[in-house]
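Novice: What follows is target_23.cif; its format and atoms are mmCIF, C-alpha atoms and all ligand atoms.
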data_entry
#
loop_
_atom_site.label_atom_id
_atom_site.label_comp_id
_atom_site.auth_asym_id
_atom_site.auth_seq_id
_atom_site.Cartn_x
_atom_site.Cartn_y
_atom_site.Cartn_z
CA MET A 1 7.61 14.14 15.26
CA SER A 2 7.83 11.82 18.23
CA GLN A 3 10.17 8.90 17.70
CA GLN A 4 8.70 5.51 18.52
CA LYS A 5 10.67 3.17 20.69
CA GLY A 6 11.54 -0.38 19.63
CA HIS A 7 9.72 -1.65 16.53
CA ASP A 8 11.48 0.37 13.87
CA GLY A 9 10.45 -2.30 11.42
CA LYS A 10 14.03 -3.30 10.89
CA PRO A 11 14.45 -6.94 9.92
CA ASP A 12 17.42 -9.02 11.12
CA SER A 13 20.75 -8.74 9.36
CA ASN A 14 19.61 -11.22 6.69
CA GLY A 15 16.43 -9.29 6.02
CA PHE A 16 14.07 -11.58 7.94
CA TYR A 17 11.03 -10.73 10.03
CA GLY A 18 10.99 -13.92 12.06
CA GLU A 19 10.81 -16.59 9.38
CA TYR A 20 9.39 -14.22 6.74
CA GLY A 21 11.04 -11.89 4.29
CA GLY A 22 14.66 -12.59 3.42
CA SER A 23 16.19 -12.40 0.00
CA PHE A 24 15.73 -15.45 -2.18
CA VAL A 25 17.42 -14.25 -5.34
CA PRO A 26 20.11 -15.38 -7.76
CA GLU A 27 23.69 -14.22 -7.12
CA PRO A 28 23.88 -11.22 -9.51
CA LEU A 29 20.75 -9.79 -7.97
CA ARG A 30 22.12 -10.24 -4.47
CA ALA A 31 24.99 -7.83 -5.19
CA ARG A 32 22.50 -5.24 -6.48
CA LEU A 33 20.34 -5.63 -3.39
CA ASP A 34 23.34 -5.35 -1.07
CA GLU A 35 24.36 -2.16 -2.86
CA LEU A 36 20.82 -0.85 -2.44
CA ALA A 37 20.64 -1.77 1.26
CA ALA A 38 23.93 -0.01 1.97
CA ALA A 39 22.90 3.10 0.01
CA PHE A 40 19.56 3.22 1.84
CA GLU A 41 21.16 2.96 5.29
CA ASP A 42 23.60 5.66 4.30
CA ALA A 43 20.81 7.93 3.03
CA ILE A 44 18.60 7.68 6.10
CA ALA A 45 21.55 8.48 8.34
CA ASP A 46 22.14 11.65 6.32
CA GLU A 47 20.32 14.77 7.50
CA SER A 48 20.46 16.37 4.04
CA PHE A 49 18.62 13.39 2.48
CA LYS A 50 15.96 13.54 5.17
CA ARG A 51 15.65 17.29 4.81
CA GLU A 52 15.15 17.06 1.05
CA LEU A 53 12.56 14.29 1.43
CA GLY A 54 10.82 16.31 4.14
CA TYR A 55 10.73 19.33 1.86
CA LEU A 56 9.21 17.36 -1.03
CA ASN A 57 6.70 15.70 1.28
CA ALA A 58 5.54 19.10 2.50
CA HIS A 59 5.72 21.23 -0.63
CA TYR A 60 5.19 18.71 -3.42
CA ALA A 61 3.07 15.90 -1.97
CA GLY A 62 1.10 18.20 0.34
CA ARG A 63 1.87 16.56 3.67
CA PRO A 64 0.80 16.32 6.39
CA SER A 65 -2.48 14.83 5.24
CA PRO A 66 -5.25 15.63 7.73
CA VAL A 67 -7.33 13.32 9.89
CA PHE A 68 -11.09 13.71 9.54
CA HIS A 69 -13.96 12.70 11.80
CA CYS A 70 -16.88 11.18 9.82
CA LYS A 71 -19.66 12.61 11.96
CA ASN A 72 -22.40 11.87 9.46
CA LEU A 73 -21.42 8.21 9.33
CA ASP A 74 -21.36 8.17 13.13
CA THR A 75 -24.91 9.51 13.22
CA LYS A 76 -26.07 6.93 10.71
CA LEU A 77 -24.28 3.92 12.18
CA GLY A 78 -24.20 4.66 15.90
CA GLY A 79 -21.43 3.18 18.00
CA ALA A 80 -17.75 4.02 17.64
CA GLN A 81 -16.48 7.18 15.99
CA ILE A 82 -14.91 6.70 12.58
CA TRP A 83 -11.91 8.86 11.71
CA LEU A 84 -10.02 8.87 8.42
CA LYS A 85 -6.37 9.50 7.73
CA ARG A 86 -6.73 11.36 4.44
CA GLU A 87 -4.01 9.91 2.21
CA ASP A 88 -6.45 10.54 -0.64
CA LEU A 89 -5.54 14.22 -0.38
CA ASN A 90 -1.88 13.70 -1.29
CA HIS A 91 -0.60 14.78 -4.69
CA LEU A 92 -1.92 12.18 -7.19
CA GLY A 93 -4.51 10.98 -4.75
CA ALA A 94 -2.96 8.13 -2.81
CA HIS A 95 -0.24 7.12 -0.37
CA LYS A 96 2.01 5.89 -3.18
CA ILE A 97 3.81 9.24 -3.55
CA ASN A 98 5.33 8.88 -0.04
CA ASN A 99 7.31 5.90 -1.28
CA THR A 100 8.13 6.95 -4.85
CA LEU A 101 9.59 10.30 -3.77
CA GLY A 102 11.80 8.48 -1.27
CA GLN A 103 12.96 5.81 -3.71
CA CYS A 104 13.52 8.22 -6.60
CA LEU A 105 15.56 10.52 -4.34
CA LEU A 106 17.60 7.48 -3.36
CA ALA A 107 18.01 6.49 -7.02
CA ARG A 108 19.37 9.93 -7.85
CA ARG A 109 21.67 9.85 -4.83
CA MET A 110 23.04 6.50 -6.07
CA GLY A 111 23.80 8.05 -9.45
CA LYS A 112 21.16 6.03 -11.31
CA THR A 113 19.63 7.69 -14.35
CA ARG A 114 16.77 5.32 -15.09
CA VAL A 115 14.04 3.78 -12.99
CA VAL A 116 11.63 0.93 -13.66
CA ALA A 117 8.45 0.27 -11.75
CA GLU A 118 5.63 -2.27 -11.78
CA THR A 119 2.05 -1.20 -11.38
CA GLY A 120 -1.31 -2.85 -10.75
CA ALA A 121 -4.06 -0.23 -10.62
CA GLY A 122 -1.63 2.25 -12.12
CA GLN A 123 -1.40 4.32 -8.96
CA HIS A 124 2.19 3.35 -8.22
CA GLY A 125 3.12 3.77 -11.87
CA VAL A 126 1.68 7.28 -11.93
CA ALA A 127 3.45 8.21 -8.68
CA ALA A 128 6.73 6.74 -9.95
CA ALA A 129 6.37 8.56 -13.28
CA ALA A 130 5.70 11.88 -11.53
CA SER A 131 8.55 11.45 -9.05
CA ALA A 132 10.92 10.49 -11.87
CA ALA A 133 9.84 13.52 -13.91
CA LEU A 134 10.40 15.77 -10.91
CA LEU A 135 13.86 14.37 -10.20
CA GLY A 136 15.05 14.10 -13.79
CA LEU A 137 15.02 10.31 -14.10
CA GLU A 138 13.95 8.27 -17.11
CA CYS A 139 11.02 6.01 -16.21
CA THR A 140 9.61 2.75 -17.59
CA VAL A 141 6.51 1.22 -16.03
CA TYR A 142 5.44 -2.41 -16.48
CA MET A 143 1.71 -3.07 -16.31
CA GLY A 144 -0.40 -6.16 -16.93
CA GLU A 145 -2.50 -6.12 -20.09
CA LEU A 146 -5.70 -6.63 -18.12
CA ASP A 147 -4.87 -3.77 -15.74
CA MET A 148 -4.04 -1.50 -18.69
CA ALA A 149 -7.59 -2.02 -19.88
CA ARG A 150 -9.12 -1.67 -16.41
CA GLN A 151 -7.18 1.49 -15.59
CA HIS A 152 -6.73 3.07 -18.99
CA LEU A 153 -6.66 6.67 -17.72
CA ASN A 154 -3.68 5.90 -15.52
CA VAL A 155 -1.84 4.60 -18.60
CA ILE A 156 -2.44 7.95 -20.27
CA ARG A 157 -1.38 9.81 -17.14
CA MET A 158 1.92 7.92 -16.97
CA GLN A 159 2.61 8.63 -20.62
CA MET A 160 1.84 12.32 -20.16
CA LEU A 161 4.26 12.37 -17.25
CA GLY A 162 6.94 11.15 -19.64
CA ALA A 163 7.06 7.47 -18.72
CA ARG A 164 7.14 4.56 -21.13
CA VAL A 165 4.44 2.01 -20.30
CA VAL A 166 5.24 -1.60 -21.20
CA CYS A 167 2.44 -4.14 -21.42
CA ALA A 168 2.94 -7.43 -19.51
CA LYS A 169 1.10 -10.05 -21.53
CA SER A 170 2.03 -13.31 -19.81
CA GLY A 171 0.04 -15.35 -17.29
CA GLN A 172 -2.90 -13.60 -15.69
CA LYS A 173 -1.78 -10.26 -17.22
CA THR A 174 -1.94 -8.42 -13.89
CA LEU A 175 0.37 -7.27 -11.14
CA LYS A 176 2.38 -10.46 -10.66
CA GLU A 177 3.42 -10.51 -14.31
CA ALA A 178 4.24 -6.79 -14.21
CA VAL A 179 6.58 -7.44 -11.25
CA ASP A 180 8.21 -10.38 -13.12
CA GLU A 181 8.99 -8.16 -16.09
CA ALA A 182 10.17 -5.17 -14.06
CA ILE A 183 12.58 -7.41 -12.14
CA ALA A 184 13.90 -8.87 -15.39
CA ALA A 185 14.57 -5.39 -16.80
CA TRP A 186 16.26 -4.32 -13.59
CA VAL A 187 18.53 -7.37 -13.46
CA ALA A 188 19.62 -6.83 -17.06
CA ASP A 189 20.97 -3.29 -16.58
CA ASP A 190 22.77 -1.90 -13.56
CA SER A 191 22.14 1.73 -14.48
CA ILE A 192 18.54 1.04 -13.48
CA PHE A 193 16.94 1.54 -10.08
CA TYR A 194 13.84 -0.56 -9.39
CA VAL A 195 11.15 1.56 -7.69
CA LEU A 196 9.05 -1.10 -5.98
CA GLY A 197 5.51 -0.07 -5.10
CA SER A 198 4.67 -1.96 -1.93
CA ALA A 199 6.22 -3.39 1.23
CA VAL A 200 7.09 -6.62 -0.59
CA GLY A 201 10.04 -8.07 -2.50
CA PRO A 202 13.48 -9.15 -1.27
CA HIS A 203 15.31 -7.25 1.47
CA PRO A 204 15.74 -4.25 1.72
CA TYR A 205 12.49 -3.37 -0.09
CA PRO A 206 9.94 -4.18 2.63
CA TYR A 207 12.02 -2.28 5.18
CA MET A 208 12.64 0.65 2.82
CA VAL A 209 9.01 0.99 1.77
CA ARG A 210 7.93 0.81 5.40
CA TYR A 211 10.39 3.56 6.24
CA PHE A 212 8.98 5.89 3.58
CA GLN A 213 5.33 5.06 4.39
CA SER A 214 5.68 5.25 8.18
CA ILE A 215 5.19 9.01 7.91
CA ILE A 216 1.45 8.15 7.71
CA GLY A 217 1.45 6.56 11.16
CA ARG A 218 3.76 9.14 12.74
CA GLU A 219 1.50 11.97 11.60
CA ALA A 220 -1.70 10.11 12.48
CA ARG A 221 -0.56 9.39 16.02
CA GLU A 222 0.27 13.03 16.68
CA GLN A 223 -2.91 14.23 15.00
CA MET A 224 -5.18 11.92 17.00
CA LEU A 225 -3.49 13.02 20.22
CA ALA A 226 -3.93 16.66 19.21
CA GLU A 227 -7.61 16.18 18.31
CA LEU A 228 -8.76 13.83 21.06
CA SER A 229 -5.94 13.74 23.61
CA ARG A 230 -5.99 9.98 23.20
CA LEU A 231 -5.09 7.27 20.76
CA PRO A 232 -7.62 5.41 18.61
CA ASP A 233 -8.84 2.05 19.90
CA ILE A 234 -8.51 0.47 16.49
CA CYS A 235 -6.38 1.39 13.52
CA MET A 236 -7.29 -0.27 10.23
CA ALA A 237 -6.09 -0.29 6.65
CA CYS A 238 -6.57 -2.31 3.51
CA VAL A 239 -3.82 -4.78 2.62
CA GLY A 240 -2.68 -5.46 -0.92
CA GLY A 241 1.09 -5.72 -0.66
CA GLY A 242 0.68 -4.01 2.65
CA SER A 243 2.45 -0.65 2.34
CA ASN A 244 -0.30 1.74 3.42
CA ALA A 245 -1.18 -0.64 6.26
CA ILE A 246 2.38 -1.00 7.54
CA GLY A 247 2.79 2.75 7.16
CA ILE A 248 -0.08 3.58 9.49
CA PHE A 249 0.51 0.58 11.80
CA ALA A 250 4.09 1.78 12.32
CA GLY A 251 2.82 4.78 14.27
CA PHE A 252 0.93 2.61 16.76
CA MET A 253 3.09 -0.51 16.92
CA ASP A 254 4.37 0.32 20.39
CA ASP A 255 0.93 1.23 21.74
CA PRO A 256 -0.42 -2.21 22.72
CA GLN A 257 -3.85 -0.73 23.53
CA VAL A 258 -4.34 0.11 19.84
CA ARG A 259 -5.71 -2.87 17.89
CA LEU A 260 -4.25 -3.09 14.42
CA ILE A 261 -6.52 -4.62 11.79
CA GLY A 262 -5.49 -5.30 8.20
CA VAL A 263 -8.29 -5.81 5.69
CA GLU A 264 -7.70 -8.12 2.76
CA PRO A 265 -9.68 -8.37 -0.49
CA GLY A 266 -12.22 -11.16 -0.01
CA GLY A 267 -13.44 -10.79 -3.60
CA ARG A 268 -16.38 -13.04 -4.46
CA GLY A 269 -15.80 -15.58 -1.71
CA ASN A 270 -13.38 -18.12 -0.28
CA GLY A 271 -13.02 -20.37 -3.32
CA TYR A 272 -9.71 -20.65 -5.15
CA GLY A 273 -9.28 -17.79 -7.63
CA GLN A 274 -12.09 -15.75 -6.09
CA HIS A 275 -10.09 -13.55 -3.71
CA ALA A 276 -6.60 -12.23 -2.95
CA ALA A 277 -6.58 -12.75 0.82
CA SER A 278 -3.01 -14.02 1.20
CA LEU A 279 -2.84 -13.71 4.99
CA CYS A 280 -6.35 -15.00 5.73
CA LEU A 281 -6.47 -17.84 3.24
CA GLY A 282 -2.92 -18.42 1.99
CA GLU A 283 0.05 -20.37 3.30
CA PRO A 284 3.75 -19.62 3.66
CA GLY A 285 5.81 -19.68 0.48
CA ILE A 286 8.34 -17.78 -1.61
CA LEU A 287 7.41 -15.42 -4.45
CA HIS A 288 9.41 -12.57 -6.00
CA GLY A 289 12.38 -13.26 -3.74
CA PHE A 290 10.78 -13.20 -0.29
CA ASN A 291 9.00 -15.59 2.05
CA SER A 292 5.49 -14.70 3.22
CA TYR A 293 1.92 -15.92 3.15
CA MET A 294 0.84 -16.49 -0.41
CA ILE A 295 -1.98 -17.88 -2.50
CA LYS A 296 -0.79 -21.08 -4.19
CA ASN A 297 -2.09 -23.17 -7.03
CA GLU A 298 -2.10 -26.99 -7.01
CA SER A 299 1.59 -27.18 -7.83
CA GLY A 300 2.56 -24.73 -5.08
CA GLU A 301 3.30 -21.75 -7.32
CA ALA A 302 1.68 -18.31 -7.16
CA GLY A 303 -2.01 -18.98 -7.63
CA GLU A 304 -4.84 -17.10 -9.25
CA VAL A 305 -6.12 -14.09 -7.40
CA TYR A 306 -9.05 -11.79 -7.91
CA SER A 307 -10.34 -8.55 -6.44
CA ILE A 308 -12.69 -5.83 -7.58
CA SER A 309 -9.80 -3.42 -7.02
CA ALA A 310 -6.77 -3.73 -9.26
CA GLY A 311 -4.54 -2.40 -6.47
CA LEU A 312 -5.20 -5.36 -4.19
CA ASP A 313 -4.91 -8.45 -6.34
CA TYR A 314 -1.40 -9.64 -5.54
CA PRO A 315 -0.88 -13.29 -4.52
CA SER A 316 1.52 -12.53 -1.66
CA VAL A 317 1.87 -9.88 1.04
CA GLY A 318 4.57 -7.93 2.87
CA PRO A 319 6.63 -10.16 5.19
CA GLU A 320 6.27 -7.93 8.24
CA HIS A 321 2.50 -8.48 8.07
CA ALA A 322 3.12 -12.24 8.06
CA LYS A 323 5.10 -11.86 11.26
CA LEU A 324 2.51 -9.52 12.82
CA LYS A 325 -0.19 -12.07 12.04
CA ASP A 326 1.70 -14.97 13.59
CA CYS A 327 2.68 -13.08 16.74
CA GLY A 328 -0.83 -11.66 17.06
CA ARG A 329 0.12 -7.96 17.17
CA ALA A 330 -2.10 -7.35 14.15
CA GLU A 331 -5.29 -9.12 13.05
CA TYR A 332 -6.23 -9.73 9.46
CA VAL A 333 -9.76 -10.03 8.15
CA ARG A 334 -11.34 -9.96 4.71
CA VAL A 335 -14.07 -7.95 3.10
CA THR A 336 -15.94 -8.93 -0.07
CA ASP A 337 -16.31 -6.89 -3.26
CA GLU A 338 -19.92 -6.26 -2.36
CA GLU A 339 -19.13 -4.96 1.12
CA ALA A 340 -16.39 -2.73 -0.28
CA LEU A 341 -18.77 -1.29 -2.87
CA LYS A 342 -21.36 -0.61 -0.22
CA ALA A 343 -18.74 1.27 1.81
CA PHE A 344 -17.74 3.20 -1.33
CA PHE A 345 -21.30 4.51 -1.60
CA GLU A 346 -21.67 5.15 2.13
CA LEU A 347 -18.66 7.45 2.26
CA SER A 348 -19.59 9.15 -0.99
CA ARG A 349 -23.18 9.84 0.06
CA HIS A 350 -22.67 10.71 3.69
CA GLU A 351 -19.31 12.45 3.75
CA GLY A 352 -18.84 13.65 0.18
CA ILE A 353 -15.64 11.66 -0.27
CA LEU A 354 -15.17 9.17 -3.12
CA PRO A 355 -12.83 6.54 -1.66
CA ALA A 356 -10.60 4.28 -3.73
CA LEU A 357 -12.05 0.77 -4.01
CA GLU A 358 -8.93 -0.44 -2.18
CA SER A 359 -9.55 1.91 0.74
CA SER A 360 -13.25 1.01 0.67
CA HIS A 361 -12.26 -2.42 1.99
CA ALA A 362 -10.84 -0.88 5.18
CA LEU A 363 -13.82 1.39 5.46
CA ALA A 364 -16.23 -1.54 5.10
CA GLN A 365 -14.60 -3.26 8.06
CA ALA A 366 -14.99 -0.09 10.15
CA ILE A 367 -18.64 0.15 9.12
CA LYS A 368 -19.10 -3.48 10.18
CA MET A 369 -17.51 -3.04 13.59
CA ALA A 370 -18.54 0.47 14.66
CA PRO A 371 -22.23 -0.14 15.52
CA ALA A 372 -21.36 -2.80 18.10
CA MET A 373 -18.84 -0.57 19.85
CA ALA A 374 -19.39 2.09 22.54
CA ARG A 375 -19.84 5.74 21.55
CA ASP A 376 -16.55 6.78 23.14
CA LYS A 377 -14.51 4.31 21.08
CA VAL A 378 -12.52 5.49 18.09
CA ILE A 379 -11.69 3.69 14.84
CA LEU A 380 -9.02 5.25 12.65
CA VAL A 381 -9.17 4.14 9.02
CA ASN A 382 -6.35 4.80 6.60
CA LEU A 383 -8.10 6.21 3.54
CA SER A 384 -5.25 5.18 1.25
CA GLY A 385 -6.57 6.88 -1.88
CA ARG A 386 -9.33 8.69 -3.67
CA GLY A 387 -11.86 6.90 -5.84
CA ASP A 388 -11.83 9.10 -8.93
CA LYS A 389 -9.91 6.39 -10.78
CA ASP A 390 -12.69 3.91 -9.98
CA VAL A 391 -15.86 5.81 -10.83
CA GLN A 392 -16.17 4.41 -14.37
CA GLN A 393 -15.77 0.85 -13.11
CA VAL A 394 -18.32 1.36 -10.35
CA ALA A 395 -20.74 3.05 -12.74
CA ASP A 396 -20.42 0.11 -15.16
CA LEU A 397 -21.09 -2.37 -12.37
CA VAL A 398 -24.19 -0.44 -11.35
CA SER A 399 -25.54 -0.05 -14.89
CA SER A 400 -24.91 -3.72 -15.72
CA GLY A 401 -27.07 -4.58 -12.72
CA LYS A 402 -24.21 -6.52 -11.14
CA ILE A 403 -24.53 -4.38 -8.03
CA LYS A 404 -27.24 -2.37 -6.41
CA LYS A 405 -26.65 1.18 -5.35
CA ALA A 406 -26.48 1.48 -1.57
C1 LIG B 501 -1.82 0.56 -4.34
C2 LIG B 501 -2.93 0.89 -3.45
C3 LIG B 501 -3.27 0.08 -2.37
C4 LIG B 501 -2.64 -1.26 -2.09
O1 LIG B 501 -1.28 -1.23 -1.82
P1 LIG B 501 -0.68 -1.44 -0.38
O2 LIG B 501 0.77 -1.60 -0.64
O3 LIG B 501 -1.30 -2.65 0.23
O4 LIG B 501 -0.98 -0.23 0.39
C5 LIG B 501 -4.25 0.50 -1.51
N1 LIG B 501 -4.92 1.65 -1.73
C6 LIG B 501 -4.63 2.46 -2.77
C7 LIG B 501 -5.41 3.71 -2.95
C8 LIG B 501 -3.63 2.11 -3.66
O5 LIG B 501 -3.36 2.92 -4.69
#
Translate the structure of the given file into structure tokens.
Ligand SMILES: *Cc1c(COP(=O)(O)O)cnc(C)c1O
Specialist:
Amino acid sequence: MSQQKGHDGKPDSNGFYGEYGGSFVPEPLRARLDELAAAFEDAIADESFKRELGYLNAHYAGRPSPVFHCKNLDTKLGGAQIWLKREDLNHLGAHKINNTLGQCLLARRMGKTRVVAETGAGQHGVAAAASAALLGLECTVYMGELDMARQHLNVIRMQMLGARVVCAKSGQKTLKEAVDEAIAAWVADDSIFYVLGSAVGPHPYPYMVRYFQSIIGREAREQMLAELSRLPDICMACVGGGSNAIGIFAGFMDDPQVRLIGVEPGGRGNGYGQHAASLCLGEPGILHGFNSYMIKNESGEAGEVYSISAGLDYPSVGPEHAKLKDCGRAEYVRVTDEEALKAFFELSRHEGILPALESSHALAQAIKMAPAMARDKVILVNLSGRGDKDVQQVADLVSSGKIKKA
């Protein structure tokens, strides 16, 4: 794999990306995070760690995931070519496994015997449970009560993989509360490793998650060069916490001709509580130990968020994205529930691929932009996951008349 110059996504020595990121945690937690940061640096300098991760990525997760040209969509839409990076084809159907294998390997290397994880849609919880099972670690997953209902099959999957699923019943009963409870469990017991599911949290998590997810961008860059002898003009990905987006962006960060576009969940509109577009509609603030753009309520705390996809409704976002937004290297836009659903049906009908509702947001943006672009332009969309987990929800929305089929 070609090594990119510069931009290795490494924050400054205090864990900051410009003014974002950092580590705003109480003292006992700081020692745990310092231990983690040192162990991570040590691991990624060790060829045997990288070899083992590389082996698991290839033989367990099924990497490299291919890139695919959506020729039928091209014919229908006209304009730019749309290519997908098929993270939906990984083991368990999403990009999450890239990160959980890395973190669970690190946990084992640090001598930890137990891991905790938070989960929203359940995708990270399932990936953490599987990785823990593979590597002989005990696993507890915290999940909001509302998400447990929305993604019931993933609860069963986690349990079958040997994990204990704990219901987070406070507040909005979604991802934020699950993170609160996972952190509390982690702080209380230093035999526990916290497997964090996105490029968020206090340092070194955003950096570590980016490291494990950047395999998406490294592969995609090489694959596009091999297929087209050129780079894409635009690279886009949906942004919840921002891990699949930073993972694919990492491959093109040093190619200024490649526009990077992050797509946030615009939900039902711009009103408070109707979306989870932290970068587009939020303001800087600290949540879960790091500074970034966040959605606030009237008293300045984490505000209410909403998205059709359980994997995107988090009131903050990875700090490197905040920096990329401010410096202009990446652009951030939002797509509504309705547009995402339309894209879900477009890809299903025309390419025979059921995309995750999360990924459908990125796809919707590509579908919006492609027709106005020239035929020789190329949009690369990170298809972060498959939509099998979402078919019941989509079917219910259709049968309740809340949405029309495309
Ligand atoms: C979890 C998830 C996301 C959102 O998480 P990011 O950290 O923003 O990538 C997006 N797509 C899928 C399929 C997911 O499972």
Novice: Residues within 6 Å of ligand LIG 501 (chain B) should be enumerated using only C-alpha atoms and all ligand atoms and returned as a PyMOL selection string.
Specialist: chain A and resi 94+123+198+239-245+311-312+356+358-359+384-385
Novice: Which one of A:Lys368, A:Lys342, A:Arg259, A:Lys389 sits closest to Arg329 of chain A if you count all atoms listed in the file?
Specialist: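 Looking only at the distances to Arg329 of chain A, the closest residue turns out to be A:Arg259.
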Novice: Using all atoms listed in the file, which protein or nucleic acid residues come within 8 Å of Gly144 of chain A? Drop anything in the same chain fewer than 2 positions from it, and give the result as a list in words.
Specialist: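 Those residues are Thr119, Gly120, Tyr142, Leu146, Asp147, Met148, Cys167, Ala168, Lys169, Gln172, Lys173, Thr174, Leu175, Glu177 and Ala178 of chain A.
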Novice: Measuring atom to atom with all atoms listed in the file, identify which of A:Gln392, A:Arg157, A:Asp180, A:Leu56 is nearest to Leu134 of chain A.
Specialist: A:Leu56
Novice: Return as a tab-separated table the residues of segment 72-174 of chain A lying at most 8 Å from segment 210-218 of chain A, together with the closest atom-to-atom pair for each and the distance in Å to one decimal, counting all atoms listed in the file, with rows in chain order and ascending residue number.
Specialist:
residue	atom	partner	partner_atom	distance
A:Lys85	CA	A:Ile216	CA	7.9
A:Glu87	CA	A:Ile216	CA	7.9
A:His95	CA	A:Gln213	CA	7.6
A:Asn98	CA	A:Gln213	CA	5.8
A:Asn99	CA	A:Phe212	CA	5.1
A:Gly102	CA	A:Phe212	CA	6.2
